[in-house]
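The structure appears below as structure tokens.
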Amino acid sequence: MRRKKEVTMQYIADQLQISKVTVSKALKDQDGVSDELRQKIKDVARELGYKLPGSDQATITAKNIVIMVQEKYVDAKEYTTFYLRFYQKLASSLTQRGFMCNLFPLGDNTPSALELNKWFNDSNVGGVIVLGDVKKKHIEIIKDLQISMLFLDCYNADVSVDCIVTDNYYSTFEITNYLKKCGHSRIGFVGNVNATSSIQDRFLGYCRSLMGSGLPIKFESIIPDRDDSNEEIEFVLPREMPTAFVCNCDDTAYKFVKHLNEHGYRVPEDVSVVGFDNDIYAEISHPKLTTVAVNVEVMTEKATNLIIDKIQNGERDKLSRIFVTGDTVYRDSVSNIN
């Protein structure tokens with residue numbers, strides 16, 4: 001038997017050829033919608049079987065916020081580094097503002113949007129923060145969630161949602177410039193540019209730096225660290241080795257340094273390596289990694305303010321795209337060859 005189509009705010013908006021924000025405002029009796037259009041939206045919603053909210057107060061008093069993150073990041077082995085810092089800071093910041101923070105891993109058994117929306121209503125959930133890049137199948141679920149939401153440390157062109165991200169492009173542009181100042185002109189990149197939006201933006205920053213100096217972008221010097229499904233793969237070194245590599249993250253840089261050592265290359269004497277994130281891998285690497293420090297404190301504070309504002313005041317007419325600059329941390333993995 002064919003499953004009945006789920007009625008969402010986006011579906012109502014599509015029927016009326018208006019924005020989802022307008023539908024949200026009308027159903028929550030917020031300003032910015034004419035009385036005539038508000039009534040029309042509510043009438044169509046009822047006809048389609050959409051459950052209208054009882055009052056604004058239910059939204060305003062919802063004190064639970066769900067943090068959605070890929071299941072692999074909450075694995076006992078993986079969840080000791082980057083996203084643990086984000087979650088801890090978020091939980092602390094939200095708790096101080098009177099909100100409860102609940103972790104929700106996204107995996108193979110993630111419920112449908114219909115089931116999640118019911119759970120949100122039953123559990124007094126007021127908002128969702130999607131932390132880090134998520135798989136396409138989960139994006140399809142997230143698109144149909146009827147709740148205040150923002151993306152943190154990621155964005156997706158298929159979803160019209162506010163986002164707060166590190167300025168991956170400019171930060172990688174800057175750290176690649178640093179390698180050039182140290183005399184390096186043959187610079188490779190380690191990371192799969194098709195895997196995540198963050199890696200792609202970092203790669204483009206690397207490219208801009210090389211192009212700004214007239215240096216060639218040699219695709220044989222671009223080494224994937226994972227496949228398109230974000231699963232780790234083995235490094236394959238190019239025949240003509242660059243003198244330096246920009247790695248898309250510290251985890252990859254840490255493993256790449258070990259791989260170089262196993263193949264007879266010393267870091268930084270033979271090859272310089274830089275990373276991104278400034279997480280635990282930058283500290284335990286030998287040598288310690290020069291990297292870009294993601295400003296977790298600023299990003300989580302902005303995320304806290306934005307999600308609470310969305311819960312209490314409703315969706316805005318314009319989406320927010322907030323970029324937070326990272327800072328280069330200089331350590332021991334780069335040699336000056338001038």
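Just remember, in the structure tokens the first chain shown is A, the second B, etc., residues are 1-based per chain, and ligands are 1-based in the order shown.
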
Could you pull out all residues of region 28-160 of chain A with a DSSP call of strand (DSSP E or B) and give them as an mmCIF file with C-alpha atoms, in the first residue's frame?
data_model
loop_
_atom_site.group_PDB
_atom_site.id
_atom_site.type_symbol
_atom_site.label_atom_id
_atom_site.label_comp_id
_atom_site.auth_asym_id
_atom_site.auth_seq_id
_atom_site.Cartn_x
_atom_site.Cartn_y
_atom_site.Cartn_z
ATOM 1 C CA ASN A 64 14.620 21.221 25.108
ATOM 2 C CA ILE A 65 17.096 21.622 22.260
ATOM 3 C CA VAL A 66 18.269 18.616 20.241
ATOM 4 C CA ILE A 67 21.825 18.447 18.856
ATOM 5 C CA MET A 68 21.942 16.222 15.768
ATOM 6 C CA VAL A 69 25.348 14.849 14.763
ATOM 7 C CA GLN A 70 26.608 11.939 12.662
ATOM 8 C CA MET A 100 18.225 21.408 28.234
ATOM 9 C CA CYS A 101 20.577 19.990 25.586
ATOM 10 C CA ASN A 102 19.934 16.493 24.154
ATOM 11 C CA LEU A 103 22.328 14.619 21.857
ATOM 12 C CA PHE A 104 20.730 12.812 18.893
ATOM 13 C CA PRO A 105 23.074 10.624 16.766
ATOM 14 C CA LEU A 106 22.151 10.329 13.078
ATOM 15 C CA VAL A 125 11.555 20.226 21.977
ATOM 16 C CA GLY A 126 11.836 23.827 20.803
ATOM 17 C CA GLY A 127 14.773 23.682 18.406
ATOM 18 C CA VAL A 128 17.370 21.580 16.599
ATOM 19 C CA ILE A 129 21.056 22.301 15.971
ATOM 20 C CA VAL A 130 22.628 20.152 13.233
ATOM 21 C CA LEU A 131 26.319 19.824 14.121
ATOM 22 C CA SER A 148 13.290 26.014 14.624
ATOM 23 C CA MET A 149 16.660 24.858 13.334
ATOM 24 C CA LEU A 150 20.196 25.937 12.452
ATOM 25 C CA PHE A 151 23.338 24.304 11.068
ATOM 26 C CA LEU A 152 26.581 24.618 13.041
#

Shell of 12 Å around Val161 (chain A), only C-alpha atoms, local chain residues under 6 positions omitted, as a count of residues only: 30

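Each of A:Ser285, A:Ser213, A:Ser197, A:Asn192 was checked against Glu234 (chain A) using only C-alpha atoms; the smallest atom-to-atom distance is that of A:Asn192.
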
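Nearest-residue note for Gly49 (chain A): choosing from A:Val23, A:Ile18, A:Ile12, A:Val274, the minimum distance belongs to A:Ile12, counting only C-alpha atoms.
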
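Near Tyr169 (chain A), within a cut-off of 10 Å and counting only C-alpha atoms, sit the residues Thr166, Thr172, Phe173, Glu174, Ser198, Ile199, Gln200, Asp201, Arg202, Phe203, Leu204, Gly205, Tyr206, Cys207, Arg208 and Thr325 of chain A, with same-chain residues fewer than 3 positions away left out.
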
Can you list, as a PyMOL selection string, every protein, DNA or RNA residue that comes within 7 Å of Val334 (chain A) when you count only C-alpha atoms, leaving out same-chain residues fewer than 2 positions away? chain A and resi 268+272-273+290+332+336

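Proximity of A:Met211, A:Val329, A:Ile223, A:Met299 to Asn278 (chain A), computed with only C-alpha atoms, is greatest for A:Val329.
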
For the helix (DSSP H, G or I) assignment from backbone DSSP, which residues of region 48-214 of chain A qualify? Please present them as a count of residues only. 72

Which of these, A:Asn177, A:Tyr50, A:Lys25, A:Ala282, has the shortest distance to Arg38 (chain A) once you count only C-alpha atoms? A:Lys25

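Pairwise distance (CA of Leu27 (chain A), CA of Ile41 (chain A)) equals 7.5 Å.
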
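Counting only C-alpha atoms, the residue from A:Val271, A:Ile233, A:Val33, A:Val292 that sits nearest to Arg186 (chain A) is A:Val271.
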